[in-house]
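Quick look at entry_16.pdb (PDB, N, CA and C atoms):
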```
ATOM      1  N   MET A   1      20.577   7.936  25.795
ATOM      2  CA  MET A   1      19.376   8.285  25.080
ATOM      3  C   MET A   1      19.284   9.801  25.032
ATOM      4  N   SER A   2      19.006  10.351  23.850
ATOM      5  CA  SER A   2      18.937  11.802  23.715
ATOM      6  C   SER A   2      17.497  12.278  23.881
ATOM      7  N   MET A   3      17.377  13.499  24.330
ATOM      8  CA  MET A   3      16.064  14.111  24.538
ATOM      9  C   MET A   3      15.552  14.640  23.209
ATOM     10  N   PRO A   4      14.255  14.583  22.970
ATOM     11  CA  PRO A   4      13.711  15.137  21.731
ATOM     12  C   PRO A   4      13.891  16.647  21.684
ATOM     13  N   SER A   5      14.023  17.167  20.501
ATOM     14  CA  SER A   5      14.200  18.602  20.315
ATOM     15  C   SER A   5      12.915  19.337  20.683
ATOM     16  N   SER A   6      13.069  20.466  21.325
ATOM     17  CA  SER A   6      11.897  21.236  21.726
ATOM     18  C   SER A   6      11.777  22.530  20.929
ATOM     19  N   SER A   7      12.486  22.616  19.810
ATOM     20  CA  SER A   7      12.389  23.830  19.005
ATOM     21  C   SER A   7      11.005  23.900  18.358
ATOM     22  N   PRO A   8      10.511  25.109  18.107
ATOM     23  CA  PRO A   8       9.180  25.258  17.489
ATOM     24  C   PRO A   8       9.065  24.548  16.147
ATOM     25  N   ALA A   9      10.111  24.587  15.346
ATOM     26  CA  ALA A   9      10.058  23.923  14.043
ATOM     27  C   ALA A   9       9.912  22.413  14.202
ATOM     28  N   ALA A  10      10.611  21.835  15.156
ATOM     29  CA  ALA A  10      10.520  20.395  15.394
ATOM     30  C   ALA A  10       9.140  20.021  15.910
ATOM     31  N   GLN A  11       8.554  20.868  16.740
ATOM     32  CA  GLN A  11       7.220  20.585  17.268
ATOM     33  C   GLN A  11       6.176  20.669  16.164
ATOM     34  N   ASP A  12       6.294  21.644  15.262
ATOM     35  CA  ASP A  12       5.349  21.772  14.158
ATOM     36  C   ASP A  12       5.399  20.551  13.250
ATOM     37  N   ALA A  13       6.590  20.078  12.957
ATOM     38  CA  ALA A  13       6.739  18.919  12.081
ATOM     39  C   ALA A  13       6.198  17.657  12.740
ATOM     40  N   SER A  14       6.421  17.513  14.041
ATOM     41  CA  SER A  14       5.961  16.306  14.716
ATOM     42  C   SER A  14       4.473  16.341  15.005
ATOM     43  N   SER A  15       3.868  17.530  15.069
ATOM     44  CA  SER A  15       2.442  17.616  15.353
ATOM     45  C   SER A  15       1.593  17.443  14.099
ATOM     46  N   GLU A  16       2.199  17.450  12.930
ATOM     47  CA  GLU A  16       1.461  17.239  11.678
ATOM     48  C   GLU A  16       1.013  15.787  11.604
ATOM     49  N   GLN A  17      -0.280  15.581  11.713
ATOM     50  CA  GLN A  17      -0.820  14.220  11.714
ATOM     51  C   GLN A  17      -1.656  13.941  10.472
ATOM     52  N   ARG A  18      -1.789  14.887   9.609
ATOM     53  CA  ARG A  18      -2.589  14.682   8.411
ATOM     54  C   ARG A  18      -1.896  13.723   7.474
ATOM     55  N   ARG A  19      -2.726  12.896   6.871
ATOM     56  CA  ARG A  19      -2.201  11.975   5.863
ATOM     57  C   ARG A  19      -3.031  12.158   4.599
ATOM     58  N   TYR A  20      -2.714  11.409   3.592
ATOM     59  CA  TYR A  20      -3.475  11.410   2.339
ATOM     60  C   TYR A  20      -3.542  12.805   1.717
ATOM     61  N   HIS A  21      -2.381  13.407   1.547
ATOM     62  CA  HIS A  21      -2.315  14.759   1.000
ATOM     63  C   HIS A  21      -2.856  14.826  -0.433
ATOM     64  N   ARG A  22      -2.618  13.798  -1.230
ATOM     65  CA  ARG A  22      -3.134  13.777  -2.605
ATOM     66  C   ARG A  22      -4.660  13.759  -2.595
ATOM     67  N   VAL A  23      -5.248  13.034  -1.648
ATOM     68  CA  VAL A  23      -6.704  12.980  -1.539
ATOM     69  C   VAL A  23      -7.255  14.375  -1.244
ATOM     70  N   ARG A  24      -6.573  15.115  -0.386
ATOM     71  CA  ARG A  24      -7.010  16.480  -0.068
ATOM     72  C   ARG A  24      -6.945  17.370  -1.313
ATOM     73  N   GLU A  25      -5.939  17.155  -2.145
ATOM     74  CA  GLU A  25      -5.776  17.971  -3.349
ATOM     75  C   GLU A  25      -6.920  17.758  -4.339
ATOM     76  N   ILE A  26      -7.388  16.541  -4.487
ATOM     77  CA  ILE A  26      -8.375  16.218  -5.514
ATOM     78  C   ILE A  26      -9.795  16.119  -4.969
ATOM     79  N   PHE A  27      -9.990  16.420  -3.691
ATOM     80  CA  PHE A  27     -11.305  16.230  -3.072
ATOM     81  C   PHE A  27     -12.416  16.980  -3.802
ATOM     82  N   ASP A  28     -12.227  18.258  -4.102
ATOM     83  CA  ASP A  28     -13.281  19.056  -4.742
ATOM     84  C   ASP A  28     -13.689  18.468  -6.090
ATOM     85  N   GLU A  29     -12.708  18.088  -6.875
ATOM     86  CA  GLU A  29     -12.993  17.476  -8.181
ATOM     87  C   GLU A  29     -13.728  16.151  -7.998
ATOM     88  N   ALA A  30     -13.262  15.329  -7.078
ATOM     89  CA  ALA A  30     -13.874  14.028  -6.843
ATOM     90  C   ALA A  30     -15.285  14.170  -6.289
ATOM     91  N   TYR A  31     -15.510  15.146  -5.415
ATOM     92  CA  TYR A  31     -16.843  15.375  -4.854
ATOM     93  C   TYR A  31     -17.851  15.640  -5.974
ATOM     94  N   THR A  32     -17.472  16.473  -6.916
ATOM     95  CA  THR A  32     -18.342  16.765  -8.052
ATOM     96  C   THR A  32     -18.532  15.530  -8.931
ATOM     97  N   LEU A  33     -17.477  14.793  -9.129
ATOM     98  CA  LEU A  33     -17.514  13.594  -9.959
ATOM     99  C   LEU A  33     -18.385  12.493  -9.346
ATOM    100  N   PHE A  34     -18.333  12.341  -8.023
ATOM    101  CA  PHE A  34     -19.059  11.265  -7.347
ATOM    102  C   PHE A  34     -20.471  11.647  -6.925
ATOM    103  N   ALA A  35     -20.820  12.928  -6.975
ATOM    104  CA  ALA A  35     -22.124  13.394  -6.470
ATOM    105  C   ALA A  35     -23.310  12.593  -7.014
ATOM    106  N   PRO A  36     -23.353  12.250  -8.289
ATOM    107  CA  PRO A  36     -24.510  11.485  -8.773
ATOM    108  C   PRO A  36     -24.685  10.124  -8.094
ATOM    109  N   PHE A  37     -23.622   9.544  -7.613
ATOM    110  CA  PHE A  37     -23.709   8.228  -6.977
ATOM    111  C   PHE A  37     -24.312   8.298  -5.572
ATOM    112  N   PHE A  38     -24.306   9.481  -4.978
ATOM    113  CA  PHE A  38     -24.829   9.637  -3.623
ATOM    114  C   PHE A  38     -26.177  10.370  -3.595
ATOM    115  N   ALA A  39     -26.640  10.821  -4.746
ATOM    116  CA  ALA A  39     -27.896  11.570  -4.821
ATOM    117  C   ALA A  39     -29.080  10.678  -4.456
ATOM    118  N   ARG A  40     -30.048  11.266  -3.787
ATOM    119  CA  ARG A  40     -31.247  10.507  -3.378
ATOM    120  C   ARG A  40     -31.972   9.901  -4.570
ATOM    121  N   GLU A  41     -32.049  10.623  -5.660
ATOM    122  CA  GLU A  41     -32.771  10.118  -6.826
ATOM    123  C   GLU A  41     -32.020   9.015  -7.575
ATOM    124  N   SER A  42     -30.757   8.790  -7.231
ATOM    125  CA  SER A  42     -29.965   7.754  -7.894
ATOM    126  C   SER A  42     -29.869   6.466  -7.082
ATOM    127  N   ARG A  43     -30.572   6.397  -5.986
ATOM    128  CA  ARG A  43     -30.480   5.203  -5.143
ATOM    129  C   ARG A  43     -31.193   4.030  -5.775
ATOM    130  N   TRP A  44     -30.711   2.849  -5.436
ATOM    131  CA  TRP A  44     -31.309   1.615  -5.931
ATOM    132  C   TRP A  44     -31.691   0.803  -4.710
ATOM    133  N   ALA A  45     -32.967   0.540  -4.526
ATOM    134  CA  ALA A  45     -33.474  -0.162  -3.346
ATOM    135  C   ALA A  45     -33.034   0.578  -2.072
ATOM    136  N   ASN A  46     -33.085   1.904  -2.136
ATOM    137  CA  ASN A  46     -32.714   2.791  -1.030
ATOM    138  C   ASN A  46     -31.254   2.647  -0.597
ATOM    139  N   SER A  47     -30.406   2.195  -1.494
ATOM    140  CA  SER A  47     -28.964   2.094  -1.231
ATOM    141  C   SER A  47     -28.218   3.006  -2.192
ATOM    142  N   THR A  48     -27.167   3.629  -1.686
ATOM    143  CA  THR A  48     -26.362   4.484  -2.557
ATOM    144  C   THR A  48     -25.580   3.613  -3.526
ATOM    145  N   LEU A  49     -25.092   4.245  -4.551
ATOM    146  CA  LEU A  49     -24.313   3.541  -5.566
ATOM    147  C   LEU A  49     -22.823   3.804  -5.370
ATOM    148  N   ASP A  50     -22.387   3.772  -4.107
ATOM    149  CA  ASP A  50     -20.986   4.112  -3.826
ATOM    150  C   ASP A  50     -20.010   3.128  -4.440
ATOM    151  N   HIS A  51     -20.450   1.915  -4.727
ATOM    152  CA  HIS A  51     -19.543   0.968  -5.379
ATOM    153  C   HIS A  51     -19.125   1.491  -6.756
ATOM    154  N   LEU A  52     -20.001   2.267  -7.387
ATOM    155  CA  LEU A  52     -19.641   2.874  -8.662
ATOM    156  C   LEU A  52     -18.640   4.012  -8.468
ATOM    157  N   ALA A  53     -18.746   4.704  -7.342
ATOM    158  CA  ALA A  53     -17.777   5.755  -7.040
ATOM    159  C   ALA A  53     -16.377   5.157  -6.881
ATOM    160  N   TYR A  54     -16.296   3.984  -6.262
ATOM    161  CA  TYR A  54     -14.992   3.316  -6.132
ATOM    162  C   TYR A  54     -14.421   3.000  -7.509
ATOM    163  N   ARG A  55     -15.267   2.510  -8.394
ATOM    164  CA  ARG A  55     -14.799   2.154  -9.734
ATOM    165  C   ARG A  55     -14.300   3.391 -10.481
ATOM    166  N   VAL A  56     -15.076   4.467 -10.427
ATOM    167  CA  VAL A  56     -14.685   5.705 -11.100
ATOM    168  C   VAL A  56     -13.395   6.256 -10.495
ATOM    169  N   ALA A  57     -13.273   6.181  -9.192
ATOM    170  CA  ALA A  57     -12.054   6.679  -8.530
ATOM    171  C   ALA A  57     -10.826   5.908  -8.988
ATOM    172  N   ARG A  58     -10.954   4.596  -9.076
ATOM    173  CA  ARG A  58      -9.793   3.799  -9.515
ATOM    174  C   ARG A  58      -9.438   4.082 -10.964
ATOM    175  N   GLU A  59     -10.458   4.338 -11.802
ATOM    176  CA  GLU A  59     -10.182   4.654 -13.211
ATOM    177  C   GLU A  59      -9.619   6.056 -13.377
ATOM    178  N   ARG A  60     -10.167   7.013 -12.643
ATOM    179  CA  ARG A  60      -9.788   8.420 -12.798
ATOM    180  C   ARG A  60      -8.457   8.742 -12.121
ATOM    181  N   TYR A  61      -8.193   8.097 -10.995
ATOM    182  CA  TYR A  61      -6.980   8.371 -10.208
ATOM    183  C   TYR A  61      -6.198   7.067  -9.986
ATOM    184  N   PRO A  62      -5.587   6.521 -11.013
ATOM    185  CA  PRO A  62      -4.887   5.232 -10.876
ATOM    186  C   PRO A  62      -3.670   5.286  -9.945
ATOM    187  N   GLU A  63      -3.179   6.495  -9.661
ATOM    188  CA  GLU A  63      -2.005   6.613  -8.787
ATOM    189  C   GLU A  63      -2.351   6.438  -7.313
ATOM    190  N   LEU A  64      -3.627   6.465  -6.962
ATOM    191  CA  LEU A  64      -4.029   6.330  -5.560
ATOM    192  C   LEU A  64      -3.982   4.871  -5.118
ATOM    193  N   SER A  65      -3.593   4.675  -3.880
ATOM    194  CA  SER A  65      -3.619   3.327  -3.302
ATOM    195  C   SER A  65      -5.061   2.974  -2.960
ATOM    196  N   ALA A  66      -5.295   1.712  -2.630
ATOM    197  CA  ALA A  66      -6.640   1.274  -2.250
ATOM    198  C   ALA A  66      -7.129   2.038  -1.016
ATOM    199  N   ALA A  67      -6.250   2.283  -0.075
ATOM    200  CA  ALA A  67      -6.617   3.027   1.135
ATOM    201  C   ALA A  67      -6.998   4.465   0.789
ATOM    202  N   GLU A  68      -6.265   5.089  -0.115
ATOM    203  CA  GLU A  68      -6.565   6.461  -0.507
ATOM    204  C   GLU A  68      -7.902   6.548  -1.245
ATOM    205  N   VAL A  69      -8.180   5.564  -2.092
ATOM    206  CA  VAL A  69      -9.469   5.526  -2.787
ATOM    207  C   VAL A  69     -10.596   5.408  -1.770
ATOM    208  N   HIS A  70     -10.422   4.542  -0.802
ATOM    209  CA  HIS A  70     -11.437   4.361   0.233
ATOM    210  C   HIS A  70     -11.665   5.659   1.011
ATOM    211  N   VAL A  71     -10.600   6.301   1.421
ATOM    212  CA  VAL A  71     -10.705   7.559   2.168
ATOM    213  C   VAL A  71     -11.419   8.614   1.319
ATOM    214  N   LEU A  72     -11.087   8.680   0.048
ATOM    215  CA  LEU A  72     -11.689   9.666  -0.840
ATOM    216  C   LEU A  72     -13.193   9.434  -0.995
ATOM    217  N   VAL A  73     -13.592   8.201  -1.244
ATOM    218  CA  VAL A  73     -15.015   7.899  -1.447
ATOM    219  C   VAL A  73     -15.800   8.120  -0.156
ATOM    220  N   VAL A  74     -15.268   7.674   0.956
ATOM    221  CA  VAL A  74     -15.967   7.850   2.232
ATOM    222  C   VAL A  74     -16.083   9.332   2.587
ATOM    223  N   ALA A  75     -15.039  10.098   2.356
ATOM    224  CA  ALA A  75     -15.083  11.535   2.650
ATOM    225  C   ALA A  75     -16.119  12.232   1.766
ATOM    226  N   CYS A  76     -16.174  11.866   0.507
ATOM    227  CA  CYS A  76     -17.169  12.467  -0.393
ATOM    228  C   CYS A  76     -18.581  12.068   0.020
ATOM    229  N   ALA A  77     -18.773  10.822   0.410
ATOM    230  CA  ALA A  77     -20.093  10.364   0.857
ATOM    231  C   ALA A  77     -20.532  11.117   2.108
ATOM    232  N   ARG A  78     -19.623  11.300   3.041
ATOM    233  CA  ARG A  78     -19.958  12.033   4.273
ATOM    234  C   ARG A  78     -20.267  13.495   3.975
ATOM    235  N   ALA A  79     -19.487  14.107   3.113
ATOM    236  CA  ALA A  79     -19.728  15.504   2.766
ATOM    237  C   ALA A  79     -21.070  15.649   2.049
ATOM    238  N   HIS A  80     -21.399  14.714   1.185
ATOM    239  CA  HIS A  80     -22.677  14.766   0.480
ATOM    240  C   HIS A  80     -23.831  14.578   1.455
ATOM    241  N   ALA A  81     -23.698  13.657   2.388
ATOM    242  CA  ALA A  81     -24.747  13.438   3.405
ATOM    243  C   ALA A  81     -24.929  14.675   4.273
ATOM    244  N   ALA A  82     -23.841  15.318   4.643
ATOM    245  CA  ALA A  82     -23.925  16.541   5.446
ATOM    246  C   ALA A  82     -24.605  17.655   4.660
ATOM    247  N   ALA A  83     -24.305  17.768   3.380
ATOM    248  CA  ALA A  83     -24.936  18.787   2.548
ATOM    249  C   ALA A  83     -26.436  18.500   2.426
ATOM    250  N   ASP A  84     -26.823  17.228   2.328
ATOM    251  CA  ASP A  84     -28.246  16.869   2.254
ATOM    252  C   ASP A  84     -28.974  17.231   3.534
ATOM    253  N   ARG A  85     -28.328  17.020   4.676
ATOM    254  CA  ARG A  85     -28.950  17.336   5.973
ATOM    255  C   ARG A  85     -29.172  18.831   6.137
ATOM    256  N   ASN A  86     -28.283  19.627   5.544
ATOM    257  CA  ASN A  86     -28.366  21.071   5.678
ATOM    258  C   ASN A  86     -29.332  21.723   4.689
ATOM    259  N   LYS A  87     -29.920  20.951   3.805
ATOM    260  CA  LYS A  87     -30.859  21.514   2.817
ATOM    261  C   LYS A  87     -32.173  21.810   3.450
TER     262      LYS A  87
END
```

Output the file's structure in the form of structure tokens.
Amino acid sequence: MSMPSSSPAAQDASSEQRRYHRVREIFDEAYTLFAPFFARESRWANSTLDHLAYRVARERYPELSAAEVHVLVVACARAHAAADRNK
């Protein structure tokens, strides 16, 4: 059995744990696109319209997997909620 490499380059590559790189690329655009679905004035029976954000995400970004769409919508919802708390 061989020992793992301890070179700095090998450690940097192995320590990279980020996933969903495409989601990170389109986050700003998607946040703006989904904002109306998370706005307080757009709620229906005090519930957000995030199901519509999922639909728009699948139409706008057909190359994303179901998991990536979910991560994108949840991240936008959390960012919008955090922005509301800071107002």

key: Selection: 8 Å around Leu72 in chain A, all atoms listed in the file, excl. self and same-chain fewer than 6 positions, as a PyMOL selection string   = chain A and resi 23-24+26-27+30-31+53+66+78

task = Given the file shown, enumerate the residues that the PyMOL selection byres (((chain A and resi 32-45 and name CA) around 10) and name CA) captures and present them as a ChimeraX atom specification.
result = /A:27-31,46-54,56-57,60,72-73,76-81,84

message = Can you pull out every residue from chain A that DSSP, working from the backbone, puts in alpha helix (DSSP H), and format the result as a PyMOL selection string?
response = chain A and resi 8-15+21-38+50-60+66-85

CA of Ala67 in chain A to CA of Arg19 in chain A, distance in Å rounded to a single decimal =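 Separating CA of Ala67 in chain A from CA of Arg19 in chain A is a distance of 11.0 Å.
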
request  = Work out how far CA of Tyr20 in chain A is from CA of Glu68 in chain A, in Å to one decimal.
outcome  = 6.5 Å

request  = Rounded to one decimal place, report the CA of Ala83 in chain A-atom C of Pro62 in chain A distance in Å.
outcome  =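 Distance between the two atoms: 28.1 Å.
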
Kindly compute an axis-aligned box around the listed atoms of range 65-68 of chain A, allowing 5 Å on each side, and express its centre and edge lengths in Å to one decimal as JSON.
```
{"center_x": -5.7, "center_y": 3.9, "center_z": -1.4, "size_x": 14.3, "size_y": 15.3, "size_z": 15.0}
```

Rebuild range 51-76 of chain A so that it carries N, CA, C and O atoms, then output the result as a PDB file, in the coordinates of the input.
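Final output, part-v7.pdb:
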```pdb
ATOM      1  N   HIS A  51     -20.450   1.915  -4.727  1.00  0.00           N
ATOM      2  CA  HIS A  51     -19.543   0.968  -5.379  1.00  0.00           C
ATOM      3  C   HIS A  51     -19.125   1.491  -6.756  1.00  0.00           C
ATOM      4  O   HIS A  51     -18.018   1.223  -7.216  1.00  0.00           O
ATOM      5  N   LEU A  52     -20.001   2.267  -7.387  1.00  0.00           N
ATOM      6  CA  LEU A  52     -19.641   2.874  -8.662  1.00  0.00           C
ATOM      7  C   LEU A  52     -18.640   4.012  -8.468  1.00  0.00           C
ATOM      8  O   LEU A  52     -17.779   4.242  -9.315  1.00  0.00           O
ATOM      9  N   ALA A  53     -18.746   4.704  -7.342  1.00  0.00           N
ATOM     10  CA  ALA A  53     -17.777   5.755  -7.040  1.00  0.00           C
ATOM     11  C   ALA A  53     -16.377   5.157  -6.881  1.00  0.00           C
ATOM     12  O   ALA A  53     -15.393   5.754  -7.330  1.00  0.00           O
ATOM     13  N   TYR A  54     -16.296   3.984  -6.262  1.00  0.00           N
ATOM     14  CA  TYR A  54     -14.992   3.316  -6.132  1.00  0.00           C
ATOM     15  C   TYR A  54     -14.421   3.000  -7.509  1.00  0.00           C
ATOM     16  O   TYR A  54     -13.233   3.198  -7.756  1.00  0.00           O
ATOM     17  N   ARG A  55     -15.267   2.510  -8.394  1.00  0.00           N
ATOM     18  CA  ARG A  55     -14.799   2.154  -9.734  1.00  0.00           C
ATOM     19  C   ARG A  55     -14.300   3.391 -10.481  1.00  0.00           C
ATOM     20  O   ARG A  55     -13.226   3.371 -11.083  1.00  0.00           O
ATOM     21  N   VAL A  56     -15.076   4.467 -10.427  1.00  0.00           N
ATOM     22  CA  VAL A  56     -14.685   5.705 -11.100  1.00  0.00           C
ATOM     23  C   VAL A  56     -13.395   6.256 -10.495  1.00  0.00           C
ATOM     24  O   VAL A  56     -12.511   6.712 -11.218  1.00  0.00           O
ATOM     25  N   ALA A  57     -13.273   6.181  -9.192  1.00  0.00           N
ATOM     26  CA  ALA A  57     -12.054   6.679  -8.530  1.00  0.00           C
ATOM     27  C   ALA A  57     -10.826   5.908  -8.988  1.00  0.00           C
ATOM     28  O   ALA A  57      -9.776   6.499  -9.256  1.00  0.00           O
ATOM     29  N   ARG A  58     -10.954   4.596  -9.076  1.00  0.00           N
ATOM     30  CA  ARG A  58      -9.793   3.799  -9.515  1.00  0.00           C
ATOM     31  C   ARG A  58      -9.438   4.082 -10.964  1.00  0.00           C
ATOM     32  O   ARG A  58      -8.265   4.068 -11.331  1.00  0.00           O
ATOM     33  N   GLU A  59     -10.458   4.338 -11.802  1.00  0.00           N
ATOM     34  CA  GLU A  59     -10.182   4.654 -13.211  1.00  0.00           C
ATOM     35  C   GLU A  59      -9.619   6.056 -13.377  1.00  0.00           C
ATOM     36  O   GLU A  59      -8.708   6.273 -14.160  1.00  0.00           O
ATOM     37  N   ARG A  60     -10.167   7.013 -12.643  1.00  0.00           N
ATOM     38  CA  ARG A  60      -9.788   8.420 -12.798  1.00  0.00           C
ATOM     39  C   ARG A  60      -8.457   8.742 -12.121  1.00  0.00           C
ATOM     40  O   ARG A  60      -7.688   9.583 -12.593  1.00  0.00           O
ATOM     41  N   TYR A  61      -8.193   8.097 -10.995  1.00  0.00           N
ATOM     42  CA  TYR A  61      -6.980   8.371 -10.208  1.00  0.00           C
ATOM     43  C   TYR A  61      -6.198   7.067  -9.986  1.00  0.00           C
ATOM     44  O   TYR A  61      -6.128   6.564  -8.871  1.00  0.00           O
ATOM     45  N   PRO A  62      -5.587   6.521 -11.013  1.00  0.00           N
ATOM     46  CA  PRO A  62      -4.887   5.232 -10.876  1.00  0.00           C
ATOM     47  C   PRO A  62      -3.670   5.286  -9.945  1.00  0.00           C
ATOM     48  O   PRO A  62      -3.221   4.248  -9.465  1.00  0.00           O
ATOM     49  N   GLU A  63      -3.179   6.495  -9.661  1.00  0.00           N
ATOM     50  CA  GLU A  63      -2.005   6.613  -8.787  1.00  0.00           C
ATOM     51  C   GLU A  63      -2.351   6.438  -7.313  1.00  0.00           C
ATOM     52  O   GLU A  63      -1.463   6.248  -6.487  1.00  0.00           O
ATOM     53  N   LEU A  64      -3.627   6.465  -6.962  1.00  0.00           N
ATOM     54  CA  LEU A  64      -4.029   6.330  -5.560  1.00  0.00           C
ATOM     55  C   LEU A  64      -3.982   4.871  -5.118  1.00  0.00           C
ATOM     56  O   LEU A  64      -4.343   3.969  -5.875  1.00  0.00           O
ATOM     57  N   SER A  65      -3.593   4.675  -3.880  1.00  0.00           N
ATOM     58  CA  SER A  65      -3.619   3.327  -3.302  1.00  0.00           C
ATOM     59  C   SER A  65      -5.061   2.974  -2.960  1.00  0.00           C
ATOM     60  O   SER A  65      -5.952   3.827  -2.970  1.00  0.00           O
ATOM     61  N   ALA A  66      -5.295   1.712  -2.630  1.00  0.00           N
ATOM     62  CA  ALA A  66      -6.640   1.274  -2.250  1.00  0.00           C
ATOM     63  C   ALA A  66      -7.129   2.038  -1.016  1.00  0.00           C
ATOM     64  O   ALA A  66      -8.301   2.424  -0.935  1.00  0.00           O
ATOM     65  N   ALA A  67      -6.250   2.283  -0.075  1.00  0.00           N
ATOM     66  CA  ALA A  67      -6.617   3.027   1.135  1.00  0.00           C
ATOM     67  C   ALA A  67      -6.998   4.465   0.789  1.00  0.00           C
ATOM     68  O   ALA A  67      -7.958   5.007   1.344  1.00  0.00           O
ATOM     69  N   GLU A  68      -6.265   5.089  -0.115  1.00  0.00           N
ATOM     70  CA  GLU A  68      -6.565   6.461  -0.507  1.00  0.00           C
ATOM     71  C   GLU A  68      -7.902   6.548  -1.245  1.00  0.00           C
ATOM     72  O   GLU A  68      -8.675   7.477  -1.018  1.00  0.00           O
ATOM     73  N   VAL A  69      -8.180   5.564  -2.092  1.00  0.00           N
ATOM     74  CA  VAL A  69      -9.469   5.526  -2.787  1.00  0.00           C
ATOM     75  C   VAL A  69     -10.596   5.408  -1.770  1.00  0.00           C
ATOM     76  O   VAL A  69     -11.607   6.104  -1.850  1.00  0.00           O
ATOM     77  N   HIS A  70     -10.422   4.542  -0.802  1.00  0.00           N
ATOM     78  CA  HIS A  70     -11.437   4.361   0.233  1.00  0.00           C
ATOM     79  C   HIS A  70     -11.665   5.659   1.011  1.00  0.00           C
ATOM     80  O   HIS A  70     -12.815   6.079   1.219  1.00  0.00           O
ATOM     81  N   VAL A  71     -10.600   6.301   1.421  1.00  0.00           N
ATOM     82  CA  VAL A  71     -10.705   7.559   2.168  1.00  0.00           C
ATOM     83  C   VAL A  71     -11.419   8.614   1.319  1.00  0.00           C
ATOM     84  O   VAL A  71     -12.298   9.331   1.808  1.00  0.00           O
ATOM     85  N   LEU A  72     -11.087   8.680   0.048  1.00  0.00           N
ATOM     86  CA  LEU A  72     -11.689   9.666  -0.840  1.00  0.00           C
ATOM     87  C   LEU A  72     -13.193   9.434  -0.995  1.00  0.00           C
ATOM     88  O   LEU A  72     -13.993  10.365  -0.858  1.00  0.00           O
ATOM     89  N   VAL A  73     -13.592   8.201  -1.244  1.00  0.00           N
ATOM     90  CA  VAL A  73     -15.015   7.899  -1.447  1.00  0.00           C
ATOM     91  C   VAL A  73     -15.800   8.120  -0.156  1.00  0.00           C
ATOM     92  O   VAL A  73     -16.879   8.718  -0.168  1.00  0.00           O
ATOM     93  N   VAL A  74     -15.268   7.674   0.956  1.00  0.00           N
ATOM     94  CA  VAL A  74     -15.967   7.850   2.232  1.00  0.00           C
ATOM     95  C   VAL A  74     -16.083   9.332   2.587  1.00  0.00           C
ATOM     96  O   VAL A  74     -17.138   9.788   3.041  1.00  0.00           O
ATOM     97  N   ALA A  75     -15.039  10.098   2.356  1.00  0.00           N
ATOM     98  CA  ALA A  75     -15.083  11.535   2.650  1.00  0.00           C
ATOM     99  C   ALA A  75     -16.119  12.232   1.766  1.00  0.00           C
ATOM    100  O   ALA A  75     -16.876  13.080   2.252  1.00  0.00           O
ATOM    101  N   CYS A  76     -16.174  11.866   0.507  1.00  0.00           N
ATOM    102  CA  CYS A  76     -17.169  12.467  -0.393  1.00  0.00           C
ATOM    103  C   CYS A  76     -18.581  12.068   0.020  1.00  0.00           C
ATOM    104  O   CYS A  76     -19.495  12.899  -0.011  1.00  0.00           O
TER     105      CYS A  76
END
```
